[in-house]
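Visitor: Sending over target-v2.csv (CSV, C-alpha atoms).
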```csv
chain,number,residue,atom,x,y,z
A,8,MET,CA,1.2,15.9,-0.4
A,9,TYR,CA,0.4,13.4,2.3
A,10,ASN,CA,-3.3,13.7,3.2
A,11,LEU,CA,-6.2,11.5,4.1
A,12,THR,CA,-6.9,10.4,0.6
A,13,LEU,CA,-3.3,9.3,0.1
A,14,ASN,CA,-3.3,7.6,3.5
A,15,HIS,CA,-6.4,5.6,2.4
A,16,VAL,CA,-4.7,4.6,-0.9
A,17,LEU,CA,-1.6,3.5,0.9
A,18,SER,CA,-3.4,1.7,3.7
A,19,HIS,CA,-5.5,-0.6,1.6
A,20,ALA,CA,-4.9,-3.1,-1.1
A,21,ASN,CA,-7.2,-2.3,-4.0
A,22,ARG,CA,-9.7,-5.2,-4.1
A,23,SER,CA,-11.5,-4.6,-7.4
A,24,PHE,CA,-9.7,-4.0,-10.7
A,25,ASP,CA,-11.1,-3.5,-14.2
A,26,ILE,CA,-9.7,-6.7,-15.8
A,27,ASP,CA,-10.8,-5.7,-19.3
A,28,THR,CA,-8.9,-2.4,-19.4
A,29,PRO,CA,-5.2,-3.3,-19.8
A,30,VAL,CA,-2.4,-1.3,-18.2
A,31,ASP,CA,-1.0,1.0,-21.0
A,32,ALA,CA,2.0,-0.3,-22.9
A,33,GLU,CA,4.2,2.5,-21.9
A,34,THR,CA,3.7,1.8,-18.2
A,35,VAL,CA,4.2,-1.9,-18.7
A,36,LYS,CA,7.5,-1.1,-20.5
A,37,TYR,CA,8.5,1.4,-17.7
A,38,LEU,CA,7.9,-1.2,-15.0
A,39,THR,CA,9.6,-3.9,-17.0
A,40,ASP,CA,12.7,-1.7,-17.6
A,41,MET,CA,12.8,-1.0,-13.9
A,42,ILE,CA,12.7,-4.7,-13.1
A,43,ASP,CA,15.3,-5.5,-15.7
A,44,LYS,CA,17.7,-2.8,-14.4
A,45,PHE,CA,17.2,-4.0,-10.8
A,46,LEU,CA,17.8,-7.6,-11.6
A,47,GLU,CA,20.8,-6.8,-13.7
A,48,ASP,CA,22.4,-5.1,-10.7
A,49,ASN,CA,20.9,-7.5,-8.2
A,50,PRO,CA,20.4,-11.0,-9.6
A,51,ILE,CA,18.3,-12.1,-6.6
A,52,ALA,CA,15.0,-13.0,-8.2
A,53,LYS,CA,13.2,-14.4,-11.2
A,54,LYS,CA,10.7,-12.4,-13.2
A,55,SER,CA,7.2,-12.9,-14.5
A,56,VAL,CA,5.1,-10.0,-16.0
A,57,ILE,CA,1.7,-11.5,-16.7
A,58,GLU,CA,-0.9,-9.8,-18.9
A,59,ASP,CA,-2.5,-12.9,-20.4
A,60,LYS,CA,-6.1,-13.1,-19.1
A,61,GLU,CA,-6.2,-16.9,-19.3
A,62,VAL,CA,-3.1,-17.2,-17.1
A,63,ILE,CA,-4.5,-14.6,-14.7
A,64,LYS,CA,-7.7,-16.6,-14.5
A,65,LYS,CA,-5.7,-19.8,-13.5
A,66,LEU,CA,-3.8,-17.8,-10.8
A,67,PHE,CA,-7.1,-16.3,-9.6
A,68,TYR,CA,-8.5,-19.8,-9.0
A,69,ILE,CA,-5.6,-20.9,-6.9
A,70,GLY,CA,-5.3,-17.5,-5.2
A,71,HIS,CA,-6.8,-18.6,-2.0
A,72,TRP,CA,-5.5,-19.8,1.4
A,73,ASN,CA,-8.0,-22.2,2.9
A,74,ARG,CA,-5.9,-24.4,5.2
A,75,ASP,CA,-8.4,-24.7,8.1
A,76,GLY,CA,-11.6,-24.8,6.0
A,77,GLU,CA,-13.1,-21.6,7.3
A,78,PHE,CA,-13.7,-20.2,3.8
A,79,ASN,CA,-15.7,-21.8,1.1
A,80,SER,CA,-13.7,-22.8,-2.0
A,81,ASP,CA,-15.5,-20.5,-4.3
A,82,LEU,CA,-14.5,-17.5,-2.2
A,83,LYS,CA,-11.4,-16.0,-4.0
A,84,LEU,CA,-9.0,-13.2,-3.4
A,85,PRO,CA,-10.6,-10.4,-5.4
A,86,SER,CA,-7.4,-8.5,-6.1
A,87,PHE,CA,-5.9,-11.3,-8.3
A,88,TRP,CA,-8.4,-10.4,-11.0
A,89,ALA,CA,-6.2,-7.6,-12.3
A,90,PRO,CA,-5.0,-6.9,-15.8
A,91,LEU,CA,-1.3,-6.9,-14.8
A,92,LEU,CA,0.4,-9.2,-12.4
A,93,ILE,CA,4.1,-9.0,-11.5
A,94,ILE,CA,5.9,-11.8,-9.7
A,95,LEU,CA,9.5,-11.7,-8.7
A,96,PRO,CA,10.2,-15.0,-6.8
A,97,PRO,CA,13.4,-14.8,-4.8
A,98,VAL,CA,16.2,-17.1,-5.9
A,99,ASP,CA,17.3,-17.7,-2.3
A,100,THR,CA,14.6,-17.5,0.3
A,101,THR,CA,17.1,-17.9,3.1
A,102,ASP,CA,19.1,-14.8,2.3
A,103,GLY,CA,17.5,-12.2,4.5
A,104,LYS,CA,19.4,-9.2,3.1
A,105,SER,CA,18.3,-10.1,-0.5
A,106,LEU,CA,14.7,-10.5,0.7
A,107,ILE,CA,14.7,-7.0,2.3
A,108,ASN,CA,16.3,-5.6,-0.9
A,109,LEU,CA,13.6,-7.3,-3.0
A,110,GLY,CA,10.9,-6.0,-0.7
A,111,ARG,CA,12.1,-2.4,-1.1
A,112,PHE,CA,12.1,-2.9,-4.8
A,113,TYR,CA,8.5,-4.2,-4.7
A,114,SER,CA,7.6,-1.0,-2.9
A,115,LYS,CA,9.3,1.1,-5.6
A,116,LEU,CA,7.4,-0.7,-8.3
A,117,GLY,CA,4.2,-0.2,-6.4
A,118,MET,CA,4.8,3.5,-6.0
A,119,ALA,CA,5.7,3.8,-9.7
A,120,ALA,CA,2.4,2.3,-10.6
A,121,LEU,CA,0.5,4.6,-8.2
A,122,LYS,CA,2.2,7.6,-9.6
A,123,ARG,CA,1.0,6.6,-13.1
A,124,GLY,CA,-2.6,6.6,-11.8
A,125,TYR,CA,-3.1,2.9,-11.3
A,126,ALA,CA,-4.4,1.1,-8.2
A,127,LEU,CA,-2.5,-1.8,-6.8
A,128,ALA,CA,-2.5,-4.7,-4.4
A,129,PHE,CA,0.2,-7.0,-3.0
A,130,HIS,CA,-0.7,-10.7,-2.4
A,131,ASN,CA,1.1,-13.6,-1.0
A,132,SER,CA,-1.8,-16.0,-0.8
A,133,LEU,CA,-1.5,-18.8,-3.3
A,134,ASP,CA,-2.8,-22.2,-2.4
A,135,CYS,CA,0.4,-23.9,-3.4
A,136,HIS,CA,-1.0,-27.4,-2.5
A,137,ASP,CA,-3.6,-27.2,-5.3
A,138,PRO,CA,-2.5,-29.4,-8.2
A,139,ARG,CA,-3.8,-26.7,-10.6
A,140,LEU,CA,-0.7,-24.8,-9.7
A,141,ARG,CA,1.1,-27.2,-12.2
A,142,GLU,CA,-0.6,-25.3,-15.1
A,143,VAL,CA,1.0,-21.9,-14.0
A,144,GLN,CA,4.3,-23.2,-12.6
A,145,GLU,CA,6.4,-21.5,-15.3
A,146,TYR,CA,5.1,-18.1,-14.1
A,147,LEU,CA,5.8,-19.0,-10.5
A,148,HIS,CA,9.2,-20.4,-11.4
A,149,ILE,CA,8.7,-23.7,-9.6
A,150,ASP,CA,8.3,-27.3,-10.5
A,151,TYR,CA,5.1,-28.4,-8.8
A,152,ASP,CA,5.8,-32.1,-8.8
A,153,SER,CA,9.3,-31.6,-7.2
A,154,PHE,CA,7.6,-29.3,-4.6
A,155,VAL,CA,5.0,-32.0,-3.9
A,156,ALA,CA,7.6,-34.7,-3.5
A,157,THR,CA,9.4,-32.7,-0.9
A,158,LYS,CA,6.7,-30.6,0.7
A,159,HIS,CA,5.7,-30.6,4.3
A,160,GLU,CA,2.1,-29.9,5.2
A,161,ASP,CA,3.0,-26.4,6.4
A,162,ASP,CA,5.2,-25.4,3.5
A,163,PHE,CA,4.2,-22.5,1.4
A,164,LEU,CA,5.8,-20.7,-1.4
A,165,LEU,CA,7.1,-17.2,-1.1
A,166,LYS,CA,5.5,-15.8,-4.3
A,167,THR,CA,4.5,-12.2,-3.7
A,168,VAL,CA,2.3,-10.9,-6.5
A,169,ILE,CA,1.8,-7.2,-7.4
A,170,CYS,CA,-1.6,-6.7,-8.9
A,171,ILE,CA,-1.9,-3.5,-11.0
A,172,GLY,CA,-4.8,-2.0,-12.9
A,173,ASN,CA,-7.5,0.6,-13.0
A,174,LYS,CA,-10.1,0.5,-10.2
A,175,LEU,CA,-13.3,-1.3,-11.3
A,176,ILE,CA,-15.4,1.5,-10.0
A,177,HIS,CA,-13.6,4.8,-10.1
A,178,ASP,CA,-14.9,6.4,-6.9
A,179,SER,CA,-15.3,3.2,-4.8
A,180,PRO,CA,-13.2,2.7,-1.7
A,181,HIS,CA,-10.0,0.8,-2.3
A,182,ASN,CA,-11.1,-2.2,-0.2
A,183,TRP,CA,-14.5,-2.7,-1.9
A,184,ASP,CA,-14.6,-6.3,-2.9
A,185,TRP,CA,-16.4,-7.1,-6.2
A,186,THR,CA,-16.6,-10.8,-5.4
A,187,GLN,CA,-18.9,-10.2,-2.4
A,188,ALA,CA,-20.1,-6.7,-3.1
A,189,LYS,CA,-18.9,-5.4,0.3
A,190,ILE,CA,-15.9,-3.8,2.0
A,191,PHE,CA,-13.0,-6.2,2.4
A,192,GLU,CA,-12.1,-6.2,6.1
A,193,SER,CA,-8.5,-5.1,6.5
A,194,PHE,CA,-6.3,-5.8,9.5
A,195,PRO,CA,-6.2,-2.8,11.8
A,196,LYS,CA,-3.5,-0.4,10.9
A,197,VAL,CA,-0.8,0.9,13.2
A,198,ASN,CA,-1.8,4.3,14.3
A,199,PHE,CA,0.1,7.3,15.8
A,200,ASP,CA,-0.9,6.5,19.4
A,201,PHE,CA,0.3,2.9,19.0
A,202,ILE,CA,3.7,4.0,17.7
A,203,LYS,CA,3.9,6.7,20.5
A,204,ASP,CA,3.1,4.1,23.2
A,205,TYR,CA,5.6,1.5,22.0
A,206,THR,CA,8.5,3.7,21.1
B,17,MET,CA,-23.7,-46.9,-15.6
B,18,ILE,CA,-22.4,-45.8,-12.3
B,19,LYS,CA,-24.2,-43.3,-10.0
B,20,LEU,CA,-22.2,-41.3,-7.5
B,21,GLU,CA,-24.1,-39.4,-4.8
B,22,LEU,CA,-22.4,-36.9,-2.6
B,23,ILE,CA,-24.7,-36.1,0.4
B,24,SER,CA,-24.1,-33.2,2.8
B,25,VAL,CA,-26.2,-32.6,5.9
B,26,ARG,CA,-25.9,-29.4,7.9
B,27,PRO,CA,-27.3,-29.0,11.4
B,28,MET,CA,-30.6,-27.2,11.4
B,29,SER,CA,-29.2,-24.7,13.9
B,30,ARG,CA,-26.5,-23.7,11.4
B,31,ASN,CA,-28.4,-23.8,8.2
B,32,VAL,CA,-27.2,-20.3,7.3
B,33,ASP,CA,-23.7,-21.8,6.6
B,34,ARG,CA,-23.4,-22.6,2.9
B,35,PHE,CA,-22.6,-26.1,1.7
B,36,HIS,CA,-19.1,-26.5,0.3
B,37,THR,CA,-18.9,-25.1,-3.3
B,38,SER,CA,-16.0,-25.6,-5.7
B,39,ASP,CA,-15.0,-22.6,-7.8
B,40,ASP,CA,-15.9,-22.1,-11.5
B,41,GLY,CA,-12.5,-23.4,-12.5
B,42,ILE,CA,-13.3,-26.8,-11.2
B,43,ARG,CA,-16.7,-26.8,-12.9
B,44,GLU,CA,-15.0,-25.9,-16.2
B,45,TYR,CA,-12.4,-28.7,-15.5
B,46,ILE,CA,-15.2,-31.3,-15.0
B,47,LYS,CA,-17.0,-30.2,-18.1
B,48,LYS,CA,-13.9,-30.3,-20.3
B,49,ASN,CA,-12.4,-33.6,-18.9
B,50,PHE,CA,-15.5,-35.6,-18.1
B,51,GLN,CA,-18.7,-34.2,-19.7
B,52,ASP,CA,-17.2,-33.2,-23.0
B,53,THR,CA,-15.4,-36.6,-23.3
B,54,GLY,CA,-18.6,-38.5,-22.6
B,55,LYS,CA,-17.4,-40.1,-19.4
B,56,LEU,CA,-19.9,-38.1,-17.3
B,57,VAL,CA,-23.4,-38.3,-18.5
B,58,SER,CA,-25.1,-35.9,-16.1
B,59,MET,CA,-24.4,-33.9,-13.0
B,60,THR,CA,-27.3,-32.6,-10.9
B,61,SER,CA,-27.8,-31.0,-7.5
B,62,SER,CA,-30.8,-30.8,-5.2
B,63,THR,CA,-31.6,-29.5,-1.8
B,64,SER,CA,-34.2,-30.9,0.7
B,65,GLU,CA,-37.3,-28.9,1.5
B,66,ASP,CA,-35.9,-27.9,4.9
B,67,TYR,CA,-32.6,-26.9,3.3
B,68,SER,CA,-30.7,-29.2,5.6
B,69,THR,CA,-29.5,-31.8,3.0
B,70,GLN,CA,-27.8,-31.3,-0.3
B,71,THR,CA,-27.4,-34.2,-2.8
B,72,ARG,CA,-25.1,-33.9,-5.8
B,73,THR,CA,-25.5,-36.7,-8.2
B,74,PHE,CA,-23.1,-37.7,-10.9
B,75,ILE,CA,-23.9,-40.4,-13.5
B,76,PHE,CA,-21.0,-42.0,-15.3
B,77,LYS,CA,-21.2,-43.9,-18.5
B,78,SER,CA,-18.9,-46.6,-17.3
B,79,LYS,CA,-16.9,-47.8,-14.3
B,80,SER,CA,-13.6,-46.7,-15.9
B,81,GLY,CA,-15.0,-43.1,-16.3
B,82,TYR,CA,-16.0,-43.1,-12.6
B,83,GLU,CA,-12.6,-44.4,-11.6
B,84,ASP,CA,-10.9,-41.7,-13.6
B,85,PHE,CA,-13.1,-39.2,-11.8
B,86,VAL,CA,-12.3,-40.4,-8.3
B,87,LYS,CA,-8.6,-40.8,-9.0
B,88,ASP,CA,-8.1,-37.4,-10.6
B,89,ASP,CA,-5.6,-35.5,-8.4
B,90,ILE,CA,-7.2,-32.1,-9.0
B,91,LEU,CA,-10.6,-33.4,-7.9
B,92,GLN,CA,-9.1,-35.3,-5.0
B,93,TYR,CA,-7.6,-32.0,-3.7
B,94,GLN,CA,-11.2,-30.6,-3.8
B,95,ASN,CA,-12.3,-33.5,-1.6
B,96,LEU,CA,-9.7,-32.5,0.9
B,97,LEU,CA,-10.9,-28.8,0.9
B,98,ARG,CA,-14.5,-30.1,1.3
B,99,GLU,CA,-13.5,-32.3,4.3
B,100,ARG,CA,-11.8,-29.3,6.0
B,101,TYR,CA,-14.8,-27.0,5.2
B,102,ASN,CA,-17.3,-29.6,6.5
B,103,MET,CA,-15.3,-30.2,9.7
B,104,TYR,CA,-15.1,-26.4,10.4
B,105,HIS,CA,-18.8,-25.9,9.7
B,106,LYS,CA,-20.0,-29.1,11.3
B,107,ILE,CA,-21.5,-30.5,8.1
B,108,ALA,CA,-21.9,-34.3,7.8
B,109,PHE,CA,-21.0,-35.9,4.6
B,110,LYS,CA,-21.4,-39.3,2.9
B,111,GLN,CA,-20.8,-40.8,-0.5
B,112,LEU,CA,-22.9,-43.5,-2.2
B,113,VAL,CA,-21.9,-45.4,-5.2
B,114,THR,CA,-24.4,-47.6,-7.0
B,115,GLU,CA,-24.5,-49.4,-10.4
B,116,ILE,CA,-27.6,-48.6,-12.4
```
Output the file's structure as structure tokens, nothing else.
Guide:
Amino acid sequence: MYNLTLNHVLSHANRSFDIDTPVDAETVKYLTDMIDKFLEDNPIAKKSVIEDKEVIKKLFYIGHWNRDGEFNSDLKLPSFWAPLLIILPPVDTTDGKSLINLGRFYSKLGMAALKRGYALAFHNSLDCHDPRLREVQEYLHIDYDSFVATKHEDDFLLKTVICIGNKLIHDSPHNWDWTQAKIFESFPKVNFDFIKDYT
Amino acid sequence: MIKLELISVRPMSRNVDRFHTSDDGIREYIKKNFQDTGKLVSMTSSTSEDYSTQTRTFIFKSKSGYEDFVKDDILQYQNLLRERYNMYHKIAFKQLVTEI
């Protein structure tokens, strides 16, 4: 039933995961089977399902978008520190229909994880100009040096990551940020009045 | 030996802004590639009494170790992030290199 609690869950990316409690094997298999079936019918993306903590750590360090210098470099995106990361980079980033299709599938994966009791977050904030990206390029399905050779200052990679795991503190708000011990400010959500006024 | 000093000065009116700080991954990288290999002898940081100036000091065993450090592309990218951060937060920065 849709209620305030579910609204809160769906309105906020979970910001603090318990990195040391892995997602159960059955759920990982369930999600992996979902992905394999989807990609078999729609070969529009590559696949990375990451549970290795060392790889997650490397992604965590480059999981930051600091183009204008506002944020200090030790400030990281807290959600990346999750025990299960799924990345499905699109094969053709110019094919709008495929991207919408892939986006819908990302939502289905997220809902499947929620139904199994896990918290989740979506992220698209990798600092793709950081040379450390070279160490995790196989998981992102890119060649960093080729990217650097052709990149423009404003280029960024379309690598959406689903972060899945248990909440670090069971009864904390979803947007509680363990890296700063405070609530992570979310963008204002579209409310009923806004929709009513603009439709 | 070569001494590299990275000196950052923030305006007194803005001394609540932090100095630029790299993440733990960079510290691990420097330890593994420069300290553990003997190229970097020491790495220290100090702040002035009025908290306006931070000096980070790196002592390299040889000129080649220092050159490897300044040419390293991962560390060069950190310099770019620091430049942007300093510009945004109005922090002055200078770098001194001396042979000791």
Visitor: Residues near Met17 in chain B, anyone? I mean within 12 Å using all atoms listed in the file, not counting same-chain ones fewer than 3 positions away, as a list in words.
Guide: Leu20, Lys55, Leu56, Val57, Ser58, Phe74, Ile75, Phe76, Lys77, Ser78, Lys79, Ser80, Gly81, Tyr82, Val113, Thr114, Glu115 and Ile116 of chain B
Visitor: For chain A, work out the contacting residues on chain B at 9 Å, counting only C-alpha atoms, and write them as a PDB file with C-alpha atoms, in the frame of the given file.
Guide:
```pdb
ATOM      1  CA  ARG B  34     -23.400 -22.600   2.900  1.00  0.00           C
ATOM      2  CA  PHE B  35     -22.600 -26.100   1.700  1.00  0.00           C
ATOM      3  CA  HIS B  36     -19.100 -26.500   0.300  1.00  0.00           C
ATOM      4  CA  THR B  37     -18.900 -25.100  -3.300  1.00  0.00           C
ATOM      5  CA  SER B  38     -16.000 -25.600  -5.700  1.00  0.00           C
ATOM      6  CA  ASP B  39     -15.000 -22.600  -7.800  1.00  0.00           C
ATOM      7  CA  ASP B  40     -15.900 -22.100 -11.500  1.00  0.00           C
ATOM      8  CA  GLY B  41     -12.500 -23.400 -12.500  1.00  0.00           C
ATOM      9  CA  ILE B  42     -13.300 -26.800 -11.200  1.00  0.00           C
ATOM     10  CA  ASP B  89      -5.600 -35.500  -8.400  1.00  0.00           C
ATOM     11  CA  ILE B  90      -7.200 -32.100  -9.000  1.00  0.00           C
ATOM     12  CA  TYR B  93      -7.600 -32.000  -3.700  1.00  0.00           C
ATOM     13  CA  GLN B  94     -11.200 -30.600  -3.800  1.00  0.00           C
ATOM     14  CA  LEU B  97     -10.900 -28.800   0.900  1.00  0.00           C
ATOM     15  CA  ARG B  98     -14.500 -30.100   1.300  1.00  0.00           C
ATOM     16  CA  GLU B  99     -13.500 -32.300   4.300  1.00  0.00           C
ATOM     17  CA  ARG B 100     -11.800 -29.300   6.000  1.00  0.00           C
ATOM     18  CA  TYR B 101     -14.800 -27.000   5.200  1.00  0.00           C
ATOM     19  CA  ASN B 102     -17.300 -29.600   6.500  1.00  0.00           C
ATOM     20  CA  MET B 103     -15.300 -30.200   9.700  1.00  0.00           C
ATOM     21  CA  TYR B 104     -15.100 -26.400  10.400  1.00  0.00           C
ATOM     22  CA  HIS B 105     -18.800 -25.900   9.700  1.00  0.00           C
TER      23      HIS B 105
END
```
Visitor: For range 31-44 of chain A, please output as a ChimeraX atom specification all residues within 9 Å (counting all atoms listed in the file; exclusion window: fewer than 6 positions along the same chain).
Guide: /A:54,56,91,95,112,116,119-120,123
Visitor: Find the spatial neighbours of Arg72 in chain B, counting only C-alpha atoms, within a cut-off of 8 Å - ignore same-chain residues fewer than 4 positions away - and output them as number ranges by chain.
Guide: B: 21-23, 59-62
Visitor: To one decimal place, how far is CA of Thr167 in chain A from CA of Gln187 in chain A in Å?
Guide: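 Answer for the CA of Thr167 in chain A to CA of Gln187 in chain A separation: 23.5 Å.
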Visitor: Grab the CA of His181 in chain A to CA of Ser23 in chain A distance for me, in Å with one decimal place.
Guide: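 Separating CA of His181 in chain A from CA of Ser23 in chain A is a distance of 7.6 Å.
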